[in-house]
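> My structure is below; once you've seen it, I'll send some questions.
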Amino acid sequence: MSTQTPVFLIAQLETIDLERHFQEYGIPVLSILKDYNAEVLVATPELKVLEGNYKHNLTAIIKFLSAEDAERFYQSPAYQPLKAIRLENTHPETSWLAIAPAFTGLPQ
């Protein structure tokens, strides 16, 4: 991924306790994200599924200015305790996180 291309951290989680997730993970992670030039675009348990089977109860999309910022956030010492909380409160078989580059046009 290019360092000049914004990226999106996409998370689809099946949390065990949604209220706990927001209190112990969601609120604290917002302050850390600011340090990495991140913008939360979506963080909701409410989706209208148009096709397919949606087995999650939380979707989040976070924009970073670069892949490096996203990786630095994910690996940061400040994030690790929150990551542990997230992992403890989600089902690993169905929850996932990924980084995707912003759309820059179709290949030529």
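Each chain in the structure tokens gets a letter, A, B, ..., in the order shown, and its residues are numbered from 1; ligands are numbered from 1 in order too.
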DSSP says alpha helix (DSSP H) for which residues of stretch 5-101 of chain A? Put them as a PyMOL selection string?
chain A and resi 18-20+27-34+67-75+80-88
> Tell me, as a PyMOL selection string, which residues lie within 12 Å of A:Leu33, counting only C-alpha atoms; anything in the same chain fewer than 5 positions away does not count.
chain A and resi 9+25-28+38-40+62-65+69-74+76+78-79+82
> Running DSSP on the backbone, which parts of stretch 1-107 of chain A land in strand (DSSP E), as a list in words?
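Those in stretch 1-107 of chain A that DSSP calls strand (DSSP E) are Val7, Phe8, Leu9, Ile10, Ala11, Gln12, Leu13, Ala38, Glu39, Val40, Leu41, Val42, Ala43, Thr44, Leu58, Thr59, Ala60, Ile61, Ile62, Lys63, Phe64, Trp96, Leu97, Ala98, Ile99, Ala100 and Pro101 of chain A.
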> Could you give me, as JSON lines, every stretch 15-41 of chain A residue with an atom at most 9 Å from stretch 85-89 of chain A, plus its closest atom pair and distance in Å to one decimal, counting only C-alpha atoms, rows ordered by chain then number?

```
{"residue": "A:Thr15", "atom": "CA", "partner": "A:Asn89", "partner_atom": "CA", "distance": 5.6}
{"residue": "A:Ile16", "atom": "CA", "partner": "A:Asn89", "partner_atom": "CA", "distance": 5.3}
{"residue": "A:Asp17", "atom": "CA", "partner": "A:Asn89", "partner_atom": "CA", "distance": 6.6}
{"residue": "A:Leu18", "atom": "CA", "partner": "A:Asn89", "partner_atom": "CA", "distance": 8.5}
{"residue": "A:Arg20", "atom": "CA", "partner": "A:Asn89", "partner_atom": "CA", "distance": 8.1}
{"residue": "A:His21", "atom": "CA", "partner": "A:Asn89", "partner_atom": "CA", "distance": 6.9}
{"residue": "A:Glu24", "atom": "CA", "partner": "A:Ile85", "partner_atom": "CA", "distance": 7.3}
{"residue": "A:Tyr25", "atom": "CA", "partner": "A:Arg86", "partner_atom": "CA", "distance": 6.5}
```
> Closest to A:Lys83 among A:Glu46, A:Leu97, A:Pro6, A:Glu19, using only C-alpha atoms?
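Closest to A:Lys83, using only C-alpha atoms: A:Leu97.
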> Pick from A:Asn57, A:Thr5, A:Ser31, A:Lys48: nearest to A:Ser95, with only C-alpha atoms counted?
A:Asn57
